[in-house]
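The file query.cif comes next; it holds mmCIF, C-alpha atoms and all ligand atoms.
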```cif
data_entry
#
loop_
_atom_site.label_atom_id
_atom_site.label_comp_id
_atom_site.auth_asym_id
_atom_site.auth_seq_id
_atom_site.Cartn_x
_atom_site.Cartn_y
_atom_site.Cartn_z
CA MET T 1193 -10.94 26.85 22.74
CA GLU T 1194 -11.82 23.14 22.53
CA GLU T 1195 -9.63 20.99 20.32
CA VAL T 1196 -11.26 19.42 17.25
CA ARG T 1197 -11.03 15.64 17.58
CA VAL T 1198 -10.08 13.91 14.36
CA LEU T 1199 -10.70 10.17 14.30
CA VAL T 1200 -8.03 8.48 12.19
CA VAL T 1201 -9.16 5.00 11.14
CA PHE T 1202 -6.94 2.32 9.63
CA GLY T 1203 -6.43 -1.42 9.85
CA THR T 1204 -4.07 -2.83 7.24
CA ARG T 1205 -0.32 -2.46 6.77
CA PRO T 1206 -0.39 -0.04 3.83
CA GLU T 1207 -2.97 2.23 5.45
CA ALA T 1208 -0.85 2.35 8.60
CA ILE T 1209 2.31 3.22 6.64
CA LYS T 1210 0.49 6.06 4.88
CA MET T 1211 -1.57 7.36 7.84
CA ALA T 1212 1.30 7.32 10.38
CA PRO T 1213 3.00 10.50 9.09
CA LEU T 1214 -0.39 12.24 9.13
CA VAL T 1215 -1.01 11.20 12.75
CA LYS T 1216 2.39 12.66 13.62
CA VAL T 1217 1.55 16.01 12.03
CA LEU T 1218 -1.93 16.07 13.64
CA GLU T 1219 -0.31 15.42 17.04
CA ARG T 1220 1.78 18.57 16.80
CA THR T 1221 -0.94 20.82 15.35
CA PRO T 1222 -2.58 23.19 17.87
CA GLY T 1223 -6.38 23.03 17.72
CA LEU T 1224 -6.51 19.45 16.42
CA ARG T 1225 -6.34 16.21 18.37
CA PRO T 1226 -5.90 12.88 16.59
CA VAL T 1227 -7.81 9.93 18.03
CA VAL T 1228 -6.42 6.76 16.48
CA CYS T 1229 -8.67 3.75 15.92
CA VAL T 1230 -7.20 0.62 14.40
CA THR T 1231 -9.55 -2.11 13.24
CA ALA T 1232 -6.64 -4.57 13.10
CA GLN T 1233 -7.99 -6.00 9.86
CA HIS T 1234 -4.31 -7.01 9.79
CA ARG T 1235 -2.70 -7.90 13.11
CA GLU T 1236 1.03 -8.64 12.93
CA MET T 1237 1.57 -6.55 9.80
CA LEU T 1238 -0.20 -3.59 11.42
CA ASP T 1239 1.64 -3.93 14.72
CA GLN T 1240 5.00 -3.84 12.88
CA VAL T 1241 4.12 -0.39 11.53
CA LEU T 1242 2.71 0.96 14.81
CA GLU T 1243 5.97 -0.01 16.48
CA VAL T 1244 8.19 1.66 13.87
CA PHE T 1245 6.24 4.92 14.12
CA GLY T 1246 5.65 4.73 17.90
CA ILE T 1247 1.86 5.04 17.60
CA LYS T 1248 -0.34 3.77 20.45
CA PRO T 1249 -3.94 3.53 19.24
CA ASP T 1250 -6.73 4.96 21.40
CA TYR T 1251 -9.03 2.16 20.16
CA ASP T 1252 -8.10 -1.29 18.88
CA LEU T 1253 -11.00 -3.36 17.49
CA ASP T 1254 -8.73 -6.41 17.06
CA LEU T 1255 -10.87 -7.81 14.24
CA MET T 1256 -8.55 -10.06 12.26
CA LYS T 1257 -9.74 -13.63 11.93
CA PRO T 1258 -8.16 -16.14 9.58
CA GLY T 1259 -10.24 -16.93 6.53
CA GLN T 1260 -13.03 -14.41 7.17
CA SER T 1261 -15.10 -13.38 4.16
CA LEU T 1262 -15.36 -9.82 2.93
CA ALA T 1263 -18.94 -9.65 4.22
CA GLU T 1264 -18.03 -10.91 7.71
CA LEU T 1265 -15.14 -8.48 7.93
CA SER T 1266 -17.30 -5.60 6.67
CA VAL T 1267 -20.01 -6.20 9.26
CA SER T 1268 -17.58 -6.32 12.17
CA VAL T 1269 -15.74 -3.17 11.03
CA LEU T 1270 -19.02 -1.29 10.55
CA THR T 1271 -20.53 -2.19 13.90
CA GLY T 1272 -17.23 -1.77 15.76
CA LEU T 1273 -16.65 1.67 14.32
CA GLU T 1274 -20.17 2.87 15.00
CA LYS T 1275 -19.49 2.59 18.74
CA VAL T 1276 -16.06 4.21 18.47
CA ILE T 1277 -17.40 7.17 16.50
CA ARG T 1278 -20.07 7.70 19.13
CA SER T 1279 -17.75 7.50 22.14
CA SER T 1280 -14.79 9.39 20.65
CA GLY T 1281 -16.60 12.70 20.27
CA CYS T 1282 -14.93 13.18 16.89
CA GLN T 1283 -15.87 15.92 14.43
CA LEU T 1284 -14.08 14.44 11.43
CA VAL T 1285 -13.27 10.87 10.40
CA LEU T 1286 -10.24 10.22 8.19
CA VAL T 1287 -10.01 7.03 6.16
CA HIS T 1288 -7.38 5.95 3.68
CA GLY T 1289 -7.47 4.43 0.23
CA ASP T 1290 -9.60 1.45 -0.66
CA THR T 1291 -9.63 -1.32 1.93
CA THR T 1292 -12.64 -2.81 3.69
CA THR T 1293 -11.63 -0.85 6.80
CA ALA T 1294 -11.68 2.38 4.79
CA PHE T 1295 -15.01 1.74 3.09
CA MET T 1296 -16.76 0.63 6.28
CA GLY T 1297 -15.13 3.49 8.21
CA ALA T 1298 -16.58 5.97 5.74
CA LEU T 1299 -19.98 4.29 5.88
CA ALA T 1300 -20.02 4.29 9.70
CA ALA T 1301 -19.14 7.99 9.71
CA TYR T 1302 -21.86 8.73 7.17
CA TYR T 1303 -24.46 6.87 9.23
CA SER T 1304 -23.41 9.02 12.22
CA GLN T 1305 -23.47 12.15 10.02
CA ILE T 1306 -19.84 13.01 10.78
CA PRO T 1307 -17.80 14.61 7.97
CA ILE T 1308 -15.38 12.28 6.18
CA GLY T 1309 -11.91 13.03 4.84
CA HIS T 1310 -10.59 10.57 2.25
CA VAL T 1311 -6.82 10.32 2.06
CA GLU T 1312 -5.46 8.94 -1.25
CA ALA T 1313 -8.68 9.76 -3.08
CA GLY T 1314 -9.42 9.52 -6.78
CA LEU T 1315 -7.38 6.47 -7.84
CA ARG T 1316 -9.27 4.59 -10.51
CA THR T 1317 -9.07 1.81 -13.05
CA TYR T 1318 -12.84 1.96 -13.74
CA ASP T 1319 -12.83 -1.84 -13.79
CA LYS T 1320 -14.81 -3.10 -10.81
CA TYR T 1321 -12.88 -6.36 -10.58
CA ALA T 1322 -9.35 -4.96 -10.98
CA PRO T 1323 -8.31 -4.52 -8.31
CA TYR T 1324 -11.04 -6.37 -6.43
CA PRO T 1325 -12.66 -5.21 -4.20
CA GLU T 1326 -10.56 -2.04 -3.94
CA GLU T 1327 -11.87 -0.30 -7.07
CA MET T 1328 -15.46 -0.23 -5.82
CA ASN T 1329 -14.40 0.48 -2.23
CA ARG T 1330 -12.71 3.70 -3.31
CA GLU T 1331 -15.53 4.69 -5.65
CA PHE T 1332 -18.06 4.22 -2.82
CA ILE T 1333 -15.90 6.23 -0.41
CA GLY T 1334 -15.60 8.98 -3.01
CA ARG T 1335 -19.36 9.20 -3.06
CA VAL T 1336 -19.77 9.88 0.69
CA ALA T 1337 -16.57 11.79 1.52
CA ASP T 1338 -16.64 15.52 2.25
CA LEU T 1339 -12.94 16.23 1.80
CA HIS T 1340 -11.00 14.44 -0.94
CA PHE T 1341 -7.20 14.43 -0.61
CA ALA T 1342 -6.01 13.38 -4.06
CA PRO T 1343 -2.33 12.43 -4.32
CA THR T 1344 -1.81 13.68 -7.88
CA VAL T 1345 -3.33 16.12 -10.35
CA GLN T 1346 -4.57 13.18 -12.41
CA SER T 1347 -6.42 11.60 -9.47
CA GLY T 1348 -7.85 15.03 -8.60
CA LEU T 1349 -9.05 15.52 -12.16
CA GLN T 1350 -10.69 12.11 -12.12
CA LEU T 1351 -12.68 13.09 -9.05
CA ALA T 1352 -13.54 16.44 -10.56
CA ALA T 1353 -14.86 14.64 -13.62
CA GLU T 1354 -17.11 12.69 -11.27
CA ASN T 1355 -18.67 16.06 -10.28
CA ARG T 1356 -17.17 16.63 -6.87
CA ILE T 1357 -15.02 19.61 -7.73
CA ALA T 1358 -15.55 21.66 -4.57
CA ASN T 1359 -13.65 19.68 -2.02
CA VAL T 1360 -10.95 17.98 -4.06
CA HIS T 1361 -7.42 18.94 -2.96
CA VAL T 1362 -4.21 17.73 -4.59
CA THR T 1363 -1.85 17.05 -1.68
CA GLY T 1364 0.71 14.47 -2.80
CA ASN T 1365 0.79 10.97 -1.36
CA THR T 1366 1.69 10.53 2.31
CA VAL T 1367 3.73 7.45 1.34
CA ILE T 1368 6.48 9.83 0.25
CA ASP T 1369 6.39 11.44 3.72
CA SER T 1370 6.78 7.94 5.12
CA LEU T 1371 9.84 7.18 2.98
CA GLN T 1372 11.63 10.11 4.63
CA TRP T 1373 11.29 8.32 7.98
CA THR T 1374 12.53 4.96 6.84
CA ILE T 1375 15.39 5.19 4.34
CA GLN T 1376 18.72 4.76 6.10
CA GLU T 1377 22.21 5.09 4.72
CA LYS T 1378 23.63 2.58 7.20
CA PHE T 1379 20.98 -0.11 7.15
CA ASN T 1380 21.46 -3.39 8.97
CA HIS T 1381 19.30 -6.51 8.95
CA PRO T 1382 19.85 -10.23 9.70
CA LEU T 1383 18.83 -11.14 6.13
CA LEU T 1384 21.81 -9.18 4.76
CA ALA T 1385 24.12 -11.93 6.07
CA LYS T 1386 22.36 -14.46 3.80
CA LEU T 1387 22.51 -12.33 0.65
CA ASP T 1388 25.39 -12.16 -1.80
CA LYS T 1389 26.16 -8.50 -2.55
CA SER T 1390 27.72 -9.33 -5.92
CA ARG T 1391 24.37 -10.61 -7.19
CA LYS T 1392 21.38 -8.63 -8.45
CA TRP T 1393 18.59 -8.61 -5.88
CA ILE T 1394 15.01 -8.81 -7.06
CA PHE T 1395 12.53 -7.68 -4.43
CA MET T 1396 9.14 -9.31 -4.80
CA THR T 1397 5.67 -9.27 -3.18
CA MET T 1398 2.28 -10.59 -4.22
CA HIS T 1399 -1.09 -10.56 -2.49
CA ARG T 1400 -4.00 -9.25 -4.62
CA ARG T 1401 -7.23 -11.24 -4.41
CA GLU T 1402 -7.62 -11.39 -8.21
CA ASN T 1403 -4.18 -13.05 -8.36
CA TRP T 1404 -4.91 -15.82 -5.83
CA GLY T 1405 -4.59 -19.31 -7.30
CA ASN T 1406 -3.52 -19.79 -10.89
CA PRO T 1407 -2.12 -16.29 -11.66
CA MET T 1408 0.10 -16.51 -8.60
CA LYS T 1409 1.20 -20.01 -9.58
CA GLU T 1410 2.18 -18.80 -13.05
CA VAL T 1411 4.27 -15.96 -11.61
CA PHE T 1412 5.98 -18.25 -9.11
CA GLU T 1413 6.91 -20.59 -11.96
CA ALA T 1414 8.60 -17.74 -13.83
CA VAL T 1415 10.48 -16.79 -10.66
CA ALA T 1416 11.59 -20.38 -10.09
CA ARG T 1417 12.87 -20.54 -13.69
CA ILE T 1418 14.89 -17.33 -13.46
CA ALA T 1419 16.40 -18.39 -10.11
CA ALA T 1420 17.32 -21.81 -11.49
CA GLU T 1421 18.90 -20.49 -14.71
CA ARG T 1422 20.83 -17.53 -13.37
CA GLU T 1423 23.49 -17.62 -10.70
CA ASP T 1424 23.78 -13.83 -10.62
CA VAL T 1425 20.34 -13.11 -9.12
CA GLU T 1426 18.68 -13.53 -5.73
CA PHE T 1427 15.02 -13.05 -4.91
CA ILE T 1428 13.92 -11.45 -1.63
CA TYR T 1429 10.29 -12.39 -1.14
CA PRO T 1430 8.47 -11.46 2.11
CA VAL T 1431 5.36 -13.61 1.82
CA HIS T 1432 1.95 -12.16 2.72
CA PRO T 1433 0.64 -14.21 5.71
CA ASN T 1434 -2.63 -15.21 4.02
CA PRO T 1435 -2.54 -19.02 4.48
CA GLU T 1436 -3.35 -19.71 0.79
CA ILE T 1437 -0.41 -17.59 -0.35
CA VAL T 1438 2.00 -19.02 2.23
CA LYS T 1439 1.09 -22.54 1.06
CA LEU T 1440 1.52 -21.87 -2.66
CA ALA T 1441 4.75 -19.90 -2.23
CA GLY T 1442 6.16 -22.67 -0.05
CA GLU T 1443 5.19 -25.38 -2.54
CA ILE T 1444 6.68 -23.71 -5.63
CA LEU T 1445 9.50 -21.58 -4.27
CA GLY T 1446 10.36 -23.08 -0.86
CA GLY T 1447 13.90 -24.44 -0.43
CA LYS T 1448 15.04 -23.24 -3.88
CA ALA T 1449 18.53 -21.83 -4.32
CA ARG T 1450 18.71 -18.02 -4.52
CA ILE T 1451 15.10 -17.51 -3.38
CA HIS T 1452 14.73 -16.08 0.12
CA LEU T 1453 11.18 -16.50 1.40
CA THR T 1454 10.65 -14.52 4.61
CA GLU T 1455 7.90 -13.41 6.94
CA PRO T 1456 6.59 -9.90 6.20
CA LEU T 1457 9.42 -7.44 6.73
CA ASP T 1458 8.91 -4.30 8.74
CA VAL T 1459 8.59 -1.11 6.74
CA VAL T 1460 12.13 0.10 7.45
CA ALA T 1461 13.59 -3.18 6.20
CA THR T 1462 11.29 -3.22 3.17
CA HIS T 1463 12.14 0.28 2.02
CA ASN T 1464 15.85 -0.28 2.54
CA PHE T 1465 15.89 -3.61 0.68
CA MET T 1466 13.95 -1.96 -2.12
CA ALA T 1467 16.47 0.87 -2.21
CA ARG T 1468 19.26 -1.69 -2.64
CA CYS T 1469 17.63 -4.08 -5.09
CA HIS T 1470 18.00 -4.25 -8.88
CA PHE T 1471 14.29 -4.20 -9.59
CA VAL T 1472 10.90 -5.00 -8.04
CA LEU T 1473 8.29 -7.57 -9.01
CA THR T 1474 4.94 -6.89 -7.33
CA ASP T 1475 1.17 -6.50 -7.48
CA SER T 1476 1.24 -4.09 -4.52
CA GLY T 1477 -0.22 -0.61 -4.78
CA GLY T 1478 2.03 1.16 -2.28
CA ILE T 1479 5.22 -0.30 -3.71
CA GLN T 1480 4.34 1.17 -7.11
CA GLU T 1481 4.41 4.59 -5.44
CA GLU T 1482 7.62 4.08 -3.50
CA ALA T 1483 9.80 2.61 -6.24
CA PRO T 1484 9.87 5.67 -8.55
CA SER T 1485 11.38 7.74 -5.72
CA LEU T 1486 14.00 5.07 -5.20
CA GLY T 1487 14.81 4.81 -8.91
CA LYS T 1488 13.84 1.13 -9.09
CA PRO T 1489 12.02 -0.39 -12.08
CA VAL T 1490 8.80 -2.18 -11.14
CA LEU T 1491 7.28 -5.03 -13.10
CA VAL T 1492 3.64 -4.80 -12.03
CA LEU T 1493 1.92 -8.19 -11.86
CA ARG T 1494 -1.39 -6.81 -13.07
CA GLU T 1495 -3.08 -5.99 -16.38
CA LYS T 1496 -3.84 -2.40 -15.37
CA THR T 1497 -2.86 0.06 -12.69
CA GLU T 1498 -4.54 2.98 -10.93
CA ARG T 1499 -1.08 4.58 -10.72
CA PRO T 1500 -0.60 5.63 -14.38
CA GLU T 1501 1.70 8.42 -13.19
CA GLY T 1502 4.38 5.80 -12.49
CA VAL T 1503 3.93 4.29 -15.96
CA GLU T 1504 4.28 7.76 -17.52
CA ALA T 1505 7.38 8.41 -15.39
CA GLY T 1506 8.84 5.27 -16.99
CA THR T 1507 9.29 3.30 -13.75
CA LEU T 1508 6.30 0.95 -13.88
CA ARG T 1509 5.38 -1.63 -16.49
CA CYS T 1510 2.18 -3.70 -16.22
CA ILE T 1511 3.07 -7.21 -17.31
CA GLY T 1512 0.15 -9.37 -16.14
CA THR T 1513 0.76 -12.76 -14.59
CA ARG T 1514 1.44 -15.26 -17.43
CA THR T 1515 4.62 -17.27 -16.91
CA GLU T 1516 6.17 -16.57 -20.33
CA ARG T 1517 5.63 -12.82 -20.15
CA VAL T 1518 6.84 -12.49 -16.56
CA TYR T 1519 9.92 -14.55 -17.39
CA ARG T 1520 10.67 -12.50 -20.52
CA GLU T 1521 10.24 -9.11 -18.80
CA MET T 1522 12.56 -10.13 -15.97
CA ALA T 1523 15.14 -11.35 -18.47
CA ILE T 1524 15.02 -8.01 -20.30
CA LEU T 1525 15.71 -6.06 -17.11
CA LEU T 1526 18.58 -8.41 -16.29
CA ASP T 1527 20.20 -8.43 -19.74
CA ASP T 1528 19.39 -5.18 -21.51
CA LYS T 1529 21.31 -2.32 -19.89
CA GLU T 1530 19.54 0.37 -21.91
CA ALA T 1531 16.06 -0.96 -21.10
CA TYR T 1532 17.09 -1.06 -17.44
CA ARG T 1533 18.48 2.47 -17.52
CA MET T 1534 15.30 3.85 -19.05
CA MET T 1535 13.19 2.44 -16.20
CA SER T 1536 15.54 3.23 -13.34
CA GLU T 1537 15.90 6.98 -13.56
CA ALA T 1538 14.47 8.21 -10.28
CA SER T 1539 11.43 10.37 -10.87
CA ASN T 1540 8.74 10.76 -8.28
CA PRO T 1541 5.28 11.86 -9.43
CA PHE T 1542 3.65 11.20 -6.04
CA GLY T 1543 4.35 14.34 -4.01
CA ASP T 1544 6.91 16.48 -2.21
CA GLY T 1545 7.10 14.58 1.09
CA TYR T 1546 4.84 17.13 2.80
CA ALA T 1547 1.45 15.63 1.92
CA SER T 1548 0.52 15.28 5.61
CA GLU T 1549 1.20 18.97 6.24
CA HIS T 1550 -0.89 19.92 3.20
CA ILE T 1551 -3.77 17.73 4.41
CA VAL T 1552 -3.67 19.17 7.92
CA GLN T 1553 -3.72 22.71 6.54
CA ILE T 1554 -6.90 21.89 4.62
CA ILE T 1555 -8.47 20.38 7.75
CA LEU T 1556 -7.65 23.57 9.70
CA GLU T 1557 -9.34 25.65 7.01
CA PHE T 1558 -12.36 23.29 7.01
CA PHE T 1559 -12.87 24.07 10.72
CA ASP T 1560 -11.99 27.78 10.34
CA LEU T 1561 -9.01 27.32 12.64
C1 LIG T 1601 -6.00 -6.27 2.50
C2 LIG T 1601 -6.83 -5.29 1.67
C3 LIG T 1601 -6.09 -4.91 0.40
C4 LIG T 1601 -4.68 -4.42 0.71
C5 LIG T 1601 -3.96 -5.47 1.55
C6 LIG T 1601 -2.63 -4.92 1.95
C7 LIG T 1601 -9.28 -5.52 1.70
C8 LIG T 1601 -10.43 -6.23 1.15
N1 LIG T 1601 -8.07 -5.94 1.26
O1 LIG T 1601 -5.91 -7.48 1.75
O2 LIG T 1601 -6.80 -3.87 -0.26
O3 LIG T 1601 -4.00 -4.24 -0.50
O4 LIG T 1601 -4.73 -5.73 2.74
O5 LIG T 1601 -1.78 -5.92 2.44
O6 LIG T 1601 -9.41 -4.63 2.50
N2 LIG T 1601 -3.12 -12.11 7.80
C9 LIG T 1601 -2.38 -12.46 8.90
N3 LIG T 1601 -1.67 -11.47 9.55
C10 LIG T 1601 -1.71 -10.17 9.15
C11 LIG T 1601 -2.44 -9.85 8.01
C12 LIG T 1601 -3.16 -10.82 7.35
O7 LIG T 1601 -2.33 -13.61 9.29
O8 LIG T 1601 -1.05 -9.32 9.80
C13 LIG T 1601 -3.89 -13.16 7.08
C14 LIG T 1601 -5.18 -13.53 7.84
O9 LIG T 1601 -5.43 -14.89 7.64
C15 LIG T 1601 -6.23 -12.70 7.08
C16 LIG T 1601 -5.71 -12.81 5.67
O10 LIG T 1601 -4.29 -12.71 5.79
O11 LIG T 1601 -7.54 -13.20 7.23
C17 LIG T 1601 -6.24 -11.80 4.68
O12 LIG T 1601 -6.26 -10.50 5.21
P1 LIG T 1601 -7.31 -9.39 4.64
O13 LIG T 1601 -7.09 -8.12 5.36
O14 LIG T 1601 -8.68 -9.93 4.60
O15 LIG T 1601 -6.91 -9.23 3.12
P2 LIG T 1601 -5.57 -8.88 2.41
O16 LIG T 1601 -5.44 -9.85 1.29
O17 LIG T 1601 -4.46 -8.74 3.37
N1 LIG T 1602 5.71 -3.63 2.89
C1 LIG T 1602 6.25 -3.94 4.14
N2 LIG T 1602 6.69 -5.23 4.36
C2 LIG T 1602 6.61 -6.19 3.42
C3 LIG T 1602 6.04 -5.88 2.16
C4 LIG T 1602 5.58 -4.59 1.93
O1 LIG T 1602 6.36 -3.07 5.00
O2 LIG T 1602 7.03 -7.32 3.70
C5 LIG T 1602 5.23 -2.25 2.67
C6 LIG T 1602 5.56 -1.62 1.33
O3 LIG T 1602 6.81 -0.95 1.37
C7 LIG T 1602 4.41 -0.64 1.15
C8 LIG T 1602 3.26 -1.35 1.79
O4 LIG T 1602 3.82 -2.32 2.65
O5 LIG T 1602 4.63 0.56 1.88
C9 LIG T 1602 2.41 -1.99 0.73
O6 LIG T 1602 1.52 -2.86 1.32
P1 LIG T 1602 0.79 -4.01 0.52
O7 LIG T 1602 1.57 -4.36 -0.68
O8 LIG T 1602 0.50 -5.08 1.51
O9 LIG T 1602 -0.61 -3.34 0.16
P2 LIG T 1602 -1.10 -2.41 -1.04
O10 LIG T 1602 -0.21 -1.22 -1.11
O11 LIG T 1602 -1.09 -3.24 -2.27
O12 LIG T 1602 -2.49 -2.07 -0.64
#
```
Translate the structure described by the file into structure tokens.
Ligand code: UD1
Ligand code: UDP
Amino acid sequence: MEEVRVLVVFGTRPEAIKMAPLVKVLERTPGLRPVVCVTAQHREMLDQVLEVFGIKPDYDLDLMKPGQSLAELSVSVLTGLEKVIRSSGCQLVLVHGDTTTAFMGALAAYYSQIPIGHVEAGLRTYDKYAPYPEEMNREFIGRVADLHFAPTVQSGLQLAAENRIANVHVTGNTVIDSLQWTIQEKFNHPLLAKLDKSRKWIFMTMHRRENWGNPMKEVFEAVARIAAEREDVEFIYPVHPNPEIVKLAGEILGGKARIHLTEPLDVVATHNFMARCHFVLTDSGGIQEEAPSLGKPVLVLREKTERPEGVEAGTLRCIGTRTERVYREMAILLDDKEAYRMMSEASNPFGDGYASEHIVQIILEFFDL
């Protein structure tokens, strides 16, 4: 019997982290053959993940260009993937989440009339500019996908309410599968030598488009104030390589005592620093899903989140980006032991660590294998 070829498409760091465990399960499943296509919407940050998971892509579109617009990126992903879909002989295309790569991957598959599986389906804020452009990307993908792999019951119900009940499957989030690969008891890293273990470490990231410019500046000012006032904290901040962000972070936080600006960390380092920090300050999506498992409070630098499960679990709090509020919320987590305890009880609403296996089972059933 011929193997069914499953084209797995991704291009950014978070997609790679969440698709890698699925590729691994597909590789060992008789009857299925993963064909990996990376768009390289991200380059260095993607390559870090491919290396950690030992994945060698079958196709690499190598599309990253500094400063390219969403439209330019979309066109090159769409036309690049059209050729790959044609030459790969695939019978299913898997995309992840809500990036430009994912949206254009789904569109290219639709134009070629190949079935589409959407991993991490059904997340919603129902605000088209928050997050931007991810909210509309995932809504558009939801419209053309044939199989919807929702990470939680809530995301599944949201899709069902949008009238696509038949092929919605609640699988858990593959990010929890990924965490099982990366967390190490004996973790070593050059940055550890620069950190003082007696201090509280605050792990921070920031990259969302809607936070570029003034919102980011306001947050950085709160961070600078906390670092200046308190000798018992240290910030670990791997800066997203977008030139605008690197510039602003350097201007406001560069060279300041107790603030460690670094290049993006690889995923093993990131998860292990998160596991050892006091709390997390971020606008990242994936980090909101990882922190509850690690029992780390997250101050979410956004007004709303598509991960309400983490808010209900008590781990996430949306605090926006105004300096005063960000400063005050950090101070509470540093000073108020009870408030800290309430947010730091580990509780993971995002799956059992076997999401990839669940997804593959559904794919096998889809092809009557
Ligand atoms: C993208 C996704 C966003 C996701 C984020 C994860 C879209 C529209 N945005 O945003 O949903 O949350 O990735 O990180 O799909 N760069 C490098 N090296 C890299 C990666 C990026 O230099 O390895 C720089 C380049 O100048 C690049 C810029 O960052 O042009 C922006 O990258 P892009 O993929 O367009 O957007 P992100 O903000 O990373
Ligand atoms: N991450 C990483 N290195 C870093 C910062 C984040 O490996 O320096 C990981 C993080 O643990 C999570 C993912 O990258 O798994 C989140 O990616 P990002 O915040 O860029 O995107 P989002 O999840 O917001 O789409």
(message) I'd like the neighbourhood of Val1431 (chain T) as a PyMOL selection string, where a residue qualifies if any of its atoms comes within 12 Å (using all atoms listed in the file), though same-chain residues fewer than 4 positions away should be ignored.
(response) chain T and resi 1237+1395-1399+1412+1427+1435-1442+1445-1446+1451-1457+1474
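Nearest residue to ligand LIG 1601 (chain T), choosing from T:Pro1489, T:Gly1545, T:Pro1430, T:Gly1477 and counting all atoms listed in the file: T:Gly1477.
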TODO: Step by step, measure atom-to-atom distances between ligand LIG 1602 (chain T) and each residue using all atoms listed in the file, keep those at most 9 Å, then write them as a PyMOL selection string.
DONE: chain T and resi 1204-1210+1237+1240-1241+1289-1291+1326+1367+1370-1371+1396-1400+1429-1432+1454-1463+1466+1474-1483
Here CA of Thr1513 (chain T) and atom O3 of ligand LIG 1601 (chain T) stand apart by 17.1 Å
Nearest to ligand LIG 1601 (chain T), restricted to only C-alpha atoms and all ligand atoms and choosing among T:Arg1330, T:His1550, T:Arg1499, T:Lys1216, comes out as T:Arg1330
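Straight-line separation from CA of Thr1515 (chain T) to CA of Trp1393 (chain T): 19.8 Å.
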Separating CA of Leu1255 (chain T) from atom C9 of ligand LIG 1601 (chain T), to the nearest tenth of an Å, is a gap of 11.1 Å
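Residues surrounding Gly1272 (chain T) within 10 Å are Thr1231, Asp1252, Leu1253, Asp1254, Leu1255, Ser1266, Val1267, Ser1268, Val1269, Lys1275, Val1276, Ile1277, Met1296, Gly1297 and Ala1300 of chain T [all atoms listed in the file; sequence separation below 3 positions excluded].
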For C-alpha atoms, I'd like the residues from the last selection saved as a tab-separated table (two decimals), in the coordinates of the input.
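Output file out_5.tsv follows:
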```tsv
chain	number	residue	atom	x	y	z
T	1231	THR	CA	-9.55	-2.11	13.24
T	1252	ASP	CA	-8.10	-1.29	18.88
T	1253	LEU	CA	-11.00	-3.36	17.49
T	1254	ASP	CA	-8.73	-6.41	17.06
T	1255	LEU	CA	-10.87	-7.81	14.24
T	1266	SER	CA	-17.30	-5.60	6.67
T	1267	VAL	CA	-20.01	-6.20	9.26
T	1268	SER	CA	-17.58	-6.32	12.17
T	1269	VAL	CA	-15.74	-3.17	11.03
T	1275	LYS	CA	-19.49	2.59	18.74
T	1276	VAL	CA	-16.06	4.21	18.47
T	1277	ILE	CA	-17.40	7.17	16.50
T	1296	MET	CA	-16.76	0.63	6.28
T	1297	GLY	CA	-15.13	3.49	8.21
T	1300	ALA	CA	-20.02	4.29	9.70
```
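Residues with any atom within 10 Å of Pro1222 (chain T), counting only C-alpha atoms and excluding same-chain neighbours fewer than 4 positions away, are T:Glu1195, T:Val1196, T:Leu1218, T:Leu1556, T:Leu1561.
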Identify the residues around (1.5, 16.3, -2.0) within a radius of 10 Å, measuring from all atoms listed in the file in the coordinates stated by the file, and give them as a VMD selection string.
chain T and resid 1341 to 1345 1361 to 1369 1541 to 1551
